[in-house]
>>> print(open('target.txt').read())   # compact mmCIF, C-alpha atoms and all ligand atoms
# COMPACT_ATOMS: atom_id res chain seq x y z
CA MET I 1 19.95 2.23 -21.65
CA ALA I 2 16.42 3.30 -20.81
CA ASN I 3 14.56 0.46 -22.43
CA ASN I 4 16.73 -2.53 -21.75
CA HIS I 5 14.60 -4.04 -19.01
CA VAL I 6 12.72 -7.16 -19.86
CA THR I 7 11.07 -7.72 -16.50
CA ILE I 8 8.48 -5.01 -16.21
CA LEU I 9 5.63 -4.10 -13.92
CA GLU I 10 3.04 -2.20 -15.89
CA ILE I 11 0.72 -0.04 -13.84
CA ASP I 12 -2.73 0.25 -15.35
CA THR I 13 -3.88 3.82 -14.76
CA GLN I 14 -7.31 3.20 -16.25
CA ALA I 15 -7.77 0.53 -13.59
CA LEU I 16 -6.53 2.92 -10.90
CA GLU I 17 -9.03 5.52 -12.01
CA HIS I 18 -11.82 2.96 -12.17
CA ASN I 19 -11.04 1.85 -8.61
CA LEU I 20 -10.93 5.41 -7.33
CA THR I 21 -14.31 6.10 -8.95
CA TYR I 22 -15.70 2.93 -7.40
CA PHE I 23 -14.74 4.04 -3.90
CA LYS I 24 -16.01 7.56 -4.50
CA SER I 25 -19.37 6.06 -5.49
CA LYS I 26 -19.58 4.43 -2.05
CA LEU I 27 -19.00 7.72 -0.24
CA ASN I 28 -20.72 11.02 0.26
CA PRO I 29 -19.61 13.51 -2.39
CA GLU I 30 -17.99 15.77 0.21
CA THR I 31 -15.92 13.01 1.83
CA LYS I 32 -12.25 13.55 1.10
CA ILE I 33 -10.05 10.78 -0.25
CA LEU I 34 -6.54 10.05 0.90
CA ALA I 35 -4.77 7.75 -1.55
CA VAL I 36 -2.27 5.55 0.24
CA VAL I 37 0.88 5.37 -1.90
CA LYS I 38 3.27 4.02 0.73
CA ALA I 39 5.67 1.16 -0.04
CA PHE I 40 6.20 2.47 -3.58
CA GLY I 41 2.49 2.56 -4.28
CA TYR I 42 2.01 -0.99 -2.99
CA GLY I 43 4.95 -2.27 -5.00
CA SER I 44 4.18 -0.29 -8.15
CA ASP I 45 5.71 3.18 -8.20
CA GLY I 46 4.58 5.78 -5.69
CA VAL I 47 5.70 8.66 -7.85
CA LEU I 48 4.03 7.43 -11.06
CA VAL I 49 0.84 6.66 -9.16
CA GLY I 50 1.11 10.00 -7.35
CA GLN I 51 1.52 11.93 -10.57
CA PHE I 52 -1.50 10.20 -12.02
CA LEU I 53 -3.72 10.72 -8.96
CA LYS I 54 -2.50 14.11 -7.75
CA ASP I 55 -5.47 16.13 -9.02
CA LYS I 56 -7.99 13.37 -8.34
CA VAL I 57 -7.54 12.96 -4.57
CA ASP I 58 -7.33 15.29 -1.57
CA TYR I 59 -4.38 13.75 0.20
CA PHE I 60 -1.61 11.24 -0.21
CA GLY I 61 -0.57 8.95 2.62
CA VAL I 62 2.92 7.51 2.99
CA ALA I 63 4.44 5.61 5.89
CA TYR I 64 7.82 7.33 6.07
CA ALA I 65 9.25 10.76 5.32
CA GLN I 66 11.48 9.46 2.51
CA GLU I 67 8.44 8.31 0.56
CA GLY I 68 6.88 11.75 0.84
CA ILE I 69 10.11 13.46 -0.18
CA ALA I 70 10.14 11.37 -3.38
CA LEU I 71 6.67 12.68 -4.22
CA ARG I 72 7.68 16.29 -3.53
CA GLU I 73 10.85 15.94 -5.59
CA ALA I 74 8.67 14.79 -8.48
CA GLY I 75 6.79 18.07 -8.21
CA ILE I 76 3.66 16.77 -6.50
CA GLU I 77 2.04 19.50 -4.39
CA THR I 78 -0.93 17.59 -2.99
CA PRO I 79 -0.97 17.48 0.84
CA ILE I 80 0.94 14.43 2.10
CA MET I 81 0.42 12.75 5.45
CA VAL I 82 3.37 10.84 6.88
CA LEU I 83 1.64 8.08 8.81
CA HIS I 84 4.66 6.89 10.79
CA PRO I 85 7.16 9.74 10.97
CA GLN I 86 10.51 9.30 12.66
CA MET I 87 11.72 12.11 14.87
CA GLN I 88 15.12 12.37 13.16
CA ASN I 89 13.23 13.31 9.98
CA PHE I 90 11.16 16.13 11.43
CA ASP I 91 13.32 18.82 9.82
CA ALA I 92 13.07 17.12 6.43
CA ILE I 93 9.34 16.78 6.96
CA ILE I 94 9.10 20.53 7.47
CA ASP I 95 11.48 21.32 4.60
CA TYR I 96 9.30 19.31 2.21
CA GLN I 97 5.95 20.47 3.58
CA LEU I 98 4.98 16.98 4.70
CA GLU I 99 2.42 16.56 7.45
CA PRO I 100 3.40 14.36 10.38
CA CYS I 101 0.99 12.06 12.17
CA LEU I 102 1.91 12.37 15.83
CA TYR I 103 1.14 9.38 17.98
CA ASN I 104 2.62 9.90 21.44
CA PHE I 105 3.92 12.69 23.67
CA LYS I 106 7.53 12.08 22.65
CA THR I 107 6.79 12.71 18.95
CA LEU I 108 4.40 15.52 19.76
CA ASP I 109 6.73 17.39 22.13
CA THR I 110 9.65 16.98 19.73
CA PHE I 111 7.69 18.23 16.75
CA PHE I 112 6.17 21.11 18.69
CA ALA I 113 9.67 22.15 19.81
CA ARG I 114 10.92 22.13 16.20
CA ALA I 115 7.86 24.10 15.09
CA ASP I 116 8.61 26.60 17.83
CA GLU I 117 12.32 26.93 16.96
CA ARG I 118 11.60 27.28 13.27
CA LEU I 119 8.86 29.84 13.96
CA LEU I 120 6.29 27.91 11.96
CA LEU I 121 2.76 29.18 11.93
CA ASN I 122 -0.24 26.83 11.94
CA TYR I 123 1.84 23.96 10.59
CA PRO I 124 -0.50 21.05 9.77
CA VAL I 125 -0.12 18.03 12.03
CA HIS I 126 -2.41 15.04 12.56
CA LEU I 127 -3.12 13.11 15.74
CA ASN I 128 -3.36 9.34 15.66
CA PHE I 129 -5.52 7.65 18.32
CA ASN I 130 -5.20 4.04 19.33
CA THR I 131 -8.67 2.52 19.66
CA GLY I 132 -7.72 -1.15 19.65
CA LEU I 133 -5.11 -1.93 17.01
CA ASN I 134 -2.46 -1.27 19.65
CA ARG I 135 0.12 -0.27 17.06
CA LEU I 136 0.49 3.52 17.23
CA GLY I 137 -1.56 6.26 18.77
CA PHE I 138 -2.55 8.31 21.76
CA TRP I 139 -4.90 6.78 24.24
CA GLN I 140 -8.23 8.23 25.19
CA ASN I 141 -6.94 9.23 28.62
CA ASP I 142 -4.21 11.37 27.01
CA ILE I 143 -6.81 13.87 25.81
CA GLY I 144 -6.59 16.26 28.78
CA LEU I 145 -2.82 16.66 28.55
CA LEU I 146 -2.99 16.82 24.74
CA LEU I 147 -5.48 19.65 24.83
CA SER I 148 -3.36 21.58 27.31
CA LYS I 149 -0.34 21.30 24.99
CA ILE I 150 -2.30 22.27 21.89
CA HIS I 151 -4.10 25.14 23.51
CA ASP I 152 -2.82 28.52 22.29
CA ASN I 153 0.01 26.88 20.28
CA LYS I 154 0.20 29.09 17.19
CA HIS I 155 3.00 27.11 15.59
CA ILE I 156 0.95 24.07 14.75
CA LYS I 157 -2.59 23.32 13.72
CA ILE I 158 -4.27 20.02 14.50
CA THR I 159 -5.48 19.47 10.98
CA SER I 160 -7.04 16.08 11.55
CA LEU I 161 -7.73 13.38 14.11
CA PHE I 162 -7.65 9.77 13.07
CA SER I 163 -7.69 6.16 14.15
CA HIS I 164 -7.29 2.83 12.39
CA LEU I 165 -9.47 -0.27 12.55
CA ALA I 166 -7.88 -3.54 13.64
CA ALA I 167 -10.13 -5.94 11.72
CA SER I 168 -12.14 -3.92 9.21
CA GLU I 169 -12.24 -6.82 6.72
CA ASP I 170 -13.53 -9.35 9.24
CA LEU I 171 -17.28 -9.27 9.89
CA GLU I 172 -16.82 -11.72 12.78
CA GLU I 173 -15.12 -8.80 14.53
CA LYS I 174 -17.97 -6.41 13.83
CA GLU I 175 -18.68 -5.74 17.49
CA PHE I 176 -15.02 -4.87 18.11
CA SER I 177 -14.90 -2.58 15.07
CA ILE I 178 -18.08 -0.75 16.02
CA ASN I 179 -16.70 -0.30 19.49
CA GLN I 180 -13.55 1.23 17.99
CA ILE I 181 -15.66 3.57 15.87
CA ASN I 182 -17.75 4.66 18.85
CA ASN I 183 -14.72 5.25 21.04
CA PHE I 184 -13.08 7.28 18.33
CA ALA I 185 -16.25 9.34 17.80
CA TYR I 186 -16.24 10.08 21.54
CA ILE I 187 -12.58 11.19 21.38
CA THR I 188 -13.23 13.54 18.47
CA LYS I 189 -16.22 15.02 20.26
CA GLN I 190 -14.02 16.11 23.13
CA PHE I 191 -11.67 17.89 20.73
CA TYR I 192 -14.52 19.64 19.00
CA GLU I 193 -15.79 20.87 22.33
CA ALA I 194 -12.39 22.13 23.49
CA LEU I 195 -10.78 23.55 20.35
CA SER I 196 -11.73 26.79 18.65
CA TYR I 197 -11.55 25.03 15.26
CA GLU I 198 -12.62 21.66 13.88
CA PRO I 199 -9.93 19.24 12.69
CA PHE I 200 -11.22 16.84 10.07
CA ILE I 201 -11.71 13.22 11.06
CA HIS I 202 -10.90 9.89 9.41
CA MET I 203 -10.82 6.24 10.32
CA LEU I 204 -11.54 3.93 7.37
CA ASN I 205 -9.14 2.01 5.17
CA THR I 206 -10.30 0.06 2.09
CA SER I 207 -12.27 -2.65 3.90
CA GLY I 208 -13.49 -0.04 6.36
CA VAL I 209 -15.14 1.79 3.44
CA ILE I 210 -16.67 -1.46 2.25
CA ASN I 211 -17.97 -2.63 5.64
CA TYR I 212 -18.46 0.52 7.73
CA SER I 213 -19.09 3.37 5.28
CA LYS I 214 -21.24 5.11 7.91
CA ALA I 215 -17.98 5.85 9.75
CA GLN I 216 -16.47 7.74 6.81
CA PHE I 217 -16.46 11.00 8.83
CA ASN I 218 -14.68 13.63 6.63
CA MET I 219 -12.13 11.47 4.84
CA VAL I 220 -11.15 7.86 4.10
CA ARG I 221 -7.71 6.36 3.48
CA VAL I 222 -7.80 3.94 0.58
CA GLY I 223 -4.80 1.77 -0.21
CA ILE I 224 -5.22 -1.79 -1.45
CA GLY I 225 -8.60 -0.99 -3.01
CA LEU I 226 -7.01 1.47 -5.42
CA TYR I 227 -4.78 -1.37 -6.53
CA GLY I 228 -7.67 -3.71 -7.19
CA PHE I 229 -8.43 -5.64 -4.03
CA GLY I 230 -11.54 -5.50 -1.88
CA ASN I 231 -12.04 -7.66 1.18
CA ASP I 232 -13.76 -10.50 -0.65
CA ALA I 233 -14.11 -11.91 -4.15
CA ASP I 234 -17.34 -9.99 -4.84
CA GLU I 235 -15.81 -6.63 -3.96
CA THR I 236 -12.61 -7.45 -5.82
CA ALA I 237 -14.70 -8.30 -8.89
CA GLN I 238 -15.99 -4.71 -8.88
CA LEU I 239 -12.42 -3.46 -9.05
CA LYS I 240 -9.78 -3.67 -11.75
CA ASN I 241 -6.26 -5.00 -11.56
CA THR I 242 -3.51 -2.38 -11.60
CA HIS I 243 -0.34 -4.52 -11.32
CA ASN I 244 0.73 -6.42 -14.45
CA LEU I 245 4.04 -8.18 -14.01
CA HIS I 246 5.73 -9.77 -16.98
CA SER I 247 9.08 -10.94 -18.26
CA VAL I 248 10.42 -13.00 -21.17
CA ILE I 249 11.93 -16.40 -21.88
CA SER I 250 15.73 -16.13 -21.81
CA GLN I 251 16.52 -19.70 -22.80
CA ILE I 252 14.78 -22.97 -23.56
CA HIS I 253 16.26 -26.36 -22.66
CA LEU I 254 15.17 -29.84 -23.68
CA ILE I 255 16.09 -32.26 -20.94
CA ASP I 256 15.81 -36.02 -20.68
CA ARG I 257 14.05 -38.09 -18.11
CA GLY I 258 16.10 -38.16 -14.90
CA GLU I 259 17.77 -34.81 -15.47
CA THR I 260 17.24 -32.11 -12.89
CA VAL I 261 16.60 -28.38 -12.95
CA GLY I 262 18.00 -25.68 -10.72
CA TYR I 263 19.62 -25.47 -7.30
CA ASN I 264 19.63 -28.53 -5.10
CA ARG I 265 18.40 -30.42 -8.19
CA ALA I 266 14.95 -29.90 -6.77
CA PHE I 267 13.07 -30.67 -9.99
CA VAL I 268 13.60 -34.12 -11.45
CA ALA I 269 12.22 -34.73 -14.95
CA LYS I 270 9.96 -37.79 -15.05
CA LYS I 271 9.89 -37.63 -18.84
CA PRO I 272 11.57 -35.60 -21.57
CA THR I 273 10.82 -32.02 -20.61
CA LYS I 274 11.04 -28.59 -22.22
CA THR I 275 11.99 -25.93 -19.69
CA ALA I 276 12.27 -22.18 -20.00
CA THR I 277 14.37 -19.83 -17.90
CA VAL I 278 12.84 -16.47 -16.96
CA PRO I 279 14.84 -13.48 -15.65
CA ILE I 280 12.88 -12.84 -12.45
CA GLY I 281 13.71 -14.31 -9.06
CA HIS I 282 13.38 -13.93 -5.34
CA ALA I 283 15.40 -10.70 -5.42
CA ASP I 284 12.62 -9.29 -7.61
CA GLY I 285 9.90 -10.32 -5.18
CA ILE I 286 9.02 -13.83 -6.32
CA PRO I 287 9.02 -15.86 -3.10
CA ARG I 288 10.72 -19.24 -3.03
CA ALA I 289 7.41 -20.57 -1.75
CA VAL I 290 5.94 -20.50 -5.29
CA GLY I 291 8.72 -22.74 -6.63
CA ASN I 292 8.44 -26.50 -7.00
CA GLN I 293 5.13 -26.38 -8.88
CA LYS I 294 3.34 -24.40 -6.17
CA GLY I 295 2.88 -21.47 -8.53
CA PHE I 296 2.59 -20.93 -12.26
CA VAL I 297 3.04 -18.24 -14.88
CA LEU I 298 1.45 -17.78 -18.30
CA VAL I 299 3.24 -18.32 -21.59
CA ASN I 300 1.12 -17.62 -24.66
CA ASP I 301 -1.95 -17.74 -22.42
CA GLN I 302 -1.15 -21.20 -21.09
CA LYS I 303 -0.20 -22.16 -17.55
CA ALA I 304 3.43 -23.06 -17.07
CA PRO I 305 4.31 -24.38 -13.59
CA ILE I 306 7.36 -22.92 -11.83
CA ILE I 307 9.73 -25.86 -11.40
CA GLY I 308 12.58 -26.32 -8.98
CA ASN I 309 13.70 -23.68 -6.54
CA VAL I 310 13.23 -20.02 -7.41
CA CYS I 311 16.74 -18.53 -7.79
CA MET I 312 17.75 -15.02 -6.83
CA ASP I 313 17.58 -13.67 -10.37
CA MET I 314 15.75 -16.35 -12.33
CA LEU I 315 13.16 -19.02 -12.22
CA MET I 316 12.51 -22.01 -14.44
CA ILE I 317 9.18 -23.15 -15.81
CA ASP I 318 7.87 -26.25 -17.52
CA VAL I 319 6.76 -25.42 -21.07
CA THR I 320 6.70 -28.97 -22.44
CA LYS I 321 3.15 -28.60 -23.72
CA ILE I 322 3.41 -24.96 -24.77
CA LYS I 323 4.43 -23.71 -28.18
CA CYS I 324 6.96 -21.01 -27.40
CA LYS I 325 10.40 -19.67 -28.20
CA GLU I 326 13.16 -17.67 -26.57
CA GLY I 327 12.11 -14.02 -26.25
CA ASP I 328 8.40 -14.83 -25.80
CA ARG I 329 6.53 -12.98 -23.10
CA VAL I 330 5.97 -14.56 -19.69
CA THR I 331 3.16 -13.22 -17.54
CA ILE I 332 3.73 -13.56 -13.81
CA PHE I 333 0.36 -11.98 -13.10
CA ASN I 334 -2.07 -9.74 -14.92
CA SER I 335 -5.33 -10.19 -13.02
CA GLN I 336 -6.53 -10.11 -9.45
CA GLU I 337 -7.30 -13.80 -9.72
CA MET I 338 -3.69 -14.56 -10.66
CA ILE I 339 -2.38 -12.37 -7.84
CA GLN I 340 -4.71 -14.14 -5.41
CA THR I 341 -3.67 -17.61 -6.62
CA PHE I 342 -0.01 -16.58 -6.48
CA SER I 343 -0.53 -15.26 -2.92
CA ASP I 344 -2.34 -18.43 -1.86
CA ALA I 345 0.54 -20.52 -3.23
CA ALA I 346 2.98 -18.43 -1.21
CA GLU I 347 0.69 -18.63 1.85
CA THR I 348 0.36 -14.88 1.99
CA ILE I 349 -2.03 -12.10 1.00
CA PRO I 350 -2.09 -9.77 -2.06
CA TYR I 351 -0.77 -6.89 0.11
CA GLU I 352 2.50 -8.78 0.56
CA THR I 353 2.68 -10.11 -3.01
CA LEU I 354 2.34 -6.61 -4.42
CA THR I 355 4.61 -4.77 -2.02
CA ALA I 356 7.30 -7.45 -2.42
CA ILE I 357 7.88 -6.49 -6.07
CA SER I 358 11.37 -5.11 -5.73
CA SER I 359 12.96 -1.93 -6.99
CA ARG I 360 15.00 -3.94 -9.50
CA VAL I 361 11.83 -4.49 -11.55
CA LYS I 362 11.26 -1.71 -14.07
CA LYS I 363 7.98 0.08 -13.40
CA MET I 364 6.03 1.89 -16.08
CA LEU I 365 2.56 3.13 -16.76
CA MET I 366 0.61 0.88 -19.11
CA LYS I 367 0.06 2.25 -22.57
C1 LIG I 401 -1.69 1.29 5.09
C2 LIG I 401 -2.72 2.11 5.79
C3 LIG I 401 -3.97 2.36 5.19
C4 LIG I 401 -4.41 1.70 3.90
O1 LIG I 401 -4.99 0.44 4.17
P1 LIG I 401 -5.65 -0.44 3.02
O2 LIG I 401 -6.18 -1.62 3.74
O3 LIG I 401 -4.55 -0.79 2.08
O4 LIG I 401 -6.70 0.38 2.37
C5 LIG I 401 -4.84 3.23 5.83
N1 LIG I 401 -4.51 3.80 7.01
C6 LIG I 401 -3.33 3.55 7.63
C7 LIG I 401 -3.05 4.20 8.93
C8 LIG I 401 -2.41 2.68 7.05
O5 LIG I 401 -1.26 2.42 7.68
>>> encode(input="target.txt", output="C-alpha cells")
Amino acid sequence: MANNHVTILEIDTQALEHNLTYFKSKLNPETKILAVVKAFGYGSDGVLVGQFLKDKVDYFGVAYAQEGIALREAGIETPIMVLHPQMQNFDAIIDYQLEPCLYNFKTLDTFFARADERLLLNYPVHLNFNTGLNRLGFWQNDIGLLLSKIHDNKHIKITSLFSHLAASEDLEEKEFSINQINNFAYITKQFYEALSYEPFIHMLNTSGVINYSKAQFNMVRVGIGLYGFGNDADETAQLKNTHNLHSVISQIHLIDRGETVGYNRAFVAKKPTKTATVPIGHADGIPRAVGNQKGFVLVNDQKAPIIGNVCMDMLMIDVTKIKCKEGDRVTIFNSQEMIQTFSDAAETIPYETLTAISSRVKKMLMK
C-alpha cells in the first residue's frame, strides 16, 4: 500500500540545504537560525523537513502546538518555538517541551500559573512584541507590568524577545520598517537593563534578512526563503526550488469539435482535441482559478493548458499537440518560475500556492 500514490510532492533536500546556506552567508556566523516549518513545512512535510534540518539550525518555528508535537513524536529534539500557542494546549506544550510565544497578559498569566502548578524551573518562554503589524504581541507600554510579573519568577525564563515586520518585502515601506526595528530595539534595551540575564532577540523573516540584515540581532526566522522564494526575482534566482509536484495521465480522450469537457461543460472544443485527465484537483490544493486555460502543466516538457473547471479530485488538460500516453508523468510545478506563474494565474502568492498542497498528496524526499 505504501507506494500506490501517483500524485506526489517531492521535497528537494539539496535545494533546502542550498537555501539555508544562502541565508547563512548573508548573516553573521554567530546569528542563530530558526527554520519555520509551520503549515506542514509550507505545504511540504514539516516532519521530513524537520528531520533533514534538525542538526543544521538552532530552532524550529511552528504556528500551533500540534505542529510541534508532530516534530517531537518524530524524535526531533531541536528547540521548537510555538509562535501562536493556544491556552488550552499549554499542558501539551509543556509535556512535549515546546516553547510558547506569549503575546498578551492573558496568555502570560495562564502560562505562568501552569508553570507554577507544575513546579517548572526556568521553563523557556518567548515574548512577542507588536511594533506595527497589529496581529499579536505586547505593546511597548506593557513593559513595566511585564517586568514586575517576570521579576523573581523562577518557574519560567524569558528566553527571547521578538517582533515581526509588517512589510519587510516592500521597500516603499522602508521608513515604517526601520521605525519598527528602532522601536523594538528600544523595547529590548529596557529588558536588558531590568533583567539579570539577557534573552536573545529576533525580528527578521526571509525578506527581513534580505532587506534589513543589520537588524538580525541574535537570530532570524526564515520560512519561505528555505523553500526557494526571496522577495524579488533576483533573490529567488539565488535560491533553489524545493517543491516538485507531479502526477500522471489517468486517461486520454479524443473529442470532436463541439464536444465539451468537465463540469458545467466549461470547455468547448473548437476543433478535434486530445485531452488528458490527471488525478489532482482542488481538494489537493489546485485552485479552481487555474482552470479554464488560466494555468498549465507540463507533459513531456511541453505546456498543456488546464481546460474546463478543476474538479475536486481531477483536472483535465489539452494535450492535442503533445505526444503522450496514459501513465505519462504530468508536472504541476518543478521550478520557482512555474510556481510563480501558477500563483499569478490564481491571483495569489507562492506562500499560498505551496501551503495549499493538501495532506492527500503524498510527500516524499527527492532521491
Ligand atoms: C511565518 C512567520 C515567519 C516566516 O516568514 P517568511 O516570510 O516565510 O520567512 C517568521 N516569523 C513569524 C512570526 C511568522 O509567523
>>> residues_around(input="target.txt", residues="I:Asp109", least_positions_apart="3", cutoff="12 Å", atoms="only C-alpha atoms", output="ChimeraX atom specification")
/I:87,90,102-106,112-116,145-146,149-150,153,156
>>> write_last_selection(input="target.txt", atoms="C-alpha atoms", output="mmCIF file, keeping the file's coordinate frame")
data_model
loop_
_atom_site.group_PDB
_atom_site.id
_atom_site.type_symbol
_atom_site.label_atom_id
_atom_site.label_comp_id
_atom_site.auth_asym_id
_atom_site.auth_seq_id
_atom_site.Cartn_x
_atom_site.Cartn_y
_atom_site.Cartn_z
ATOM 1 C CA MET I 87 11.720 12.110 14.870
ATOM 2 C CA PHE I 90 11.160 16.130 11.430
ATOM 3 C CA LEU I 102 1.910 12.370 15.830
ATOM 4 C CA TYR I 103 1.140 9.380 17.980
ATOM 5 C CA ASN I 104 2.620 9.900 21.440
ATOM 6 C CA PHE I 105 3.920 12.690 23.670
ATOM 7 C CA LYS I 106 7.530 12.080 22.650
ATOM 8 C CA PHE I 112 6.170 21.110 18.690
ATOM 9 C CA ALA I 113 9.670 22.150 19.810
ATOM 10 C CA ARG I 114 10.920 22.130 16.200
ATOM 11 C CA ALA I 115 7.860 24.100 15.090
ATOM 12 C CA ASP I 116 8.610 26.600 17.830
ATOM 13 C CA LEU I 145 -2.820 16.660 28.550
ATOM 14 C CA LEU I 146 -2.990 16.820 24.740
ATOM 15 C CA LYS I 149 -0.340 21.300 24.990
ATOM 16 C CA ILE I 150 -2.300 22.270 21.890
ATOM 17 C CA ASN I 153 0.010 26.880 20.280
ATOM 18 C CA ILE I 156 0.950 24.070 14.750
#
>>> residues_around(input="target.txt", residues="stretch 319-335 of chain I", least_positions_apart="6", cutoff="10 Å", atoms="all atoms listed in the file", output="ChimeraX atom specification")
/I:6-10,228,240-254,271-280,286,295-306,341-342
>>> closest_residue(input="target.txt", among="I:His84, I:Lys56, I:Lys189, I:His164", to="I:His18", atoms="all atoms listed in the file")
I:Lys56
>>> residues_near_ligand(input="target.txt", ligand="ligand LIG 401 (chain I)", cutoff="6 Å", atoms="all atoms listed in the file", output="PyMOL selection string")
chain I and resi 36+164+205-206+221-225
>>> atom_distance(input="target.txt", atom1="atom CA of I:Leu127", atom2="atom CA of I:Cys101")
5.5 Å
>>> closest_residue(input="target.txt", among="I:Ala15, I:Tyr263, I:Met81, I:Thr31", to="I:Lys214", atoms="all atoms listed in the file")
I:Thr31
>>> residues_around(input="target.txt", residues="I:Tyr186", least_positions_apart="4", cutoff="12 Å", atoms="only C-alpha atoms", output="ChimeraX atom specification")
/I:129,131,140-141,143,161,163,179-182,190-193,201
>>> write_last_selection(input="target.txt", atoms="C-alpha atoms", output="mmCIF file, in the coordinates of the input")
data_model
loop_
_atom_site.group_PDB
_atom_site.id
_atom_site.type_symbol
_atom_site.label_atom_id
_atom_site.label_comp_id
_atom_site.auth_asym_id
_atom_site.auth_seq_id
_atom_site.Cartn_x
_atom_site.Cartn_y
_atom_site.Cartn_z
ATOM 1 C CA PHE I 129 -5.520 7.650 18.320
ATOM 2 C CA THR I 131 -8.670 2.520 19.660
ATOM 3 C CA GLN I 140 -8.230 8.230 25.190
ATOM 4 C CA ASN I 141 -6.940 9.230 28.620
ATOM 5 C CA ILE I 143 -6.810 13.870 25.810
ATOM 6 C CA LEU I 161 -7.730 13.380 14.110
ATOM 7 C CA SER I 163 -7.690 6.160 14.150
ATOM 8 C CA ASN I 179 -16.700 -0.300 19.490
ATOM 9 C CA GLN I 180 -13.550 1.230 17.990
ATOM 10 C CA ILE I 181 -15.660 3.570 15.870
ATOM 11 C CA ASN I 182 -17.750 4.660 18.850
ATOM 12 C CA GLN I 190 -14.020 16.110 23.130
ATOM 13 C CA PHE I 191 -11.670 17.890 20.730
ATOM 14 C CA TYR I 192 -14.520 19.640 19.000
ATOM 15 C CA GLU I 193 -15.790 20.870 22.330
ATOM 16 C CA ILE I 201 -11.710 13.220 11.060
#
>>> atom_distance(input="target.txt", atom1="atom CA of I:Leu98", atom2="atom CA of I:Ser44")
21.5 Å
>>> atom_distance(input="target.txt", atom1="atom CA of I:Tyr123", atom2="atom CA of I:Trp139")
23.0 Å
>>> closest_residue(input="target.txt", among="I:Leu119, I:Ile255, I:Val82, I:Ala233", to="I:Val268", atoms="all atoms listed in the file")
I:Ile255
>>> residues_near_point(input="target.txt", point="(3.9, -3.6, 0.9)", cutoff="7 Å", atoms="only C-alpha atoms", output="PyMOL selection string")
chain I and resi 39+42-43+351-352+354-356
>>> closest_residue(input="target.txt", among="I:Thr188, I:Gln336, I:Gln238, I:Thr353", to="I:Pro287", atoms="all atoms listed in the file")
I:Thr353
>>> closest_residue(input="target.txt", among="I:Gly230, I:Ala283, I:Gln86, I:Asn134", to="I:Glu169", atoms="only C-alpha atoms")
I:Gly230
>>> closest_residue(input="target.txt", among="I:Pro350, I:Pro79, I:Gly208, I:Pro124", to="I:Leu27", atoms="only C-alpha atoms")
I:Gly208
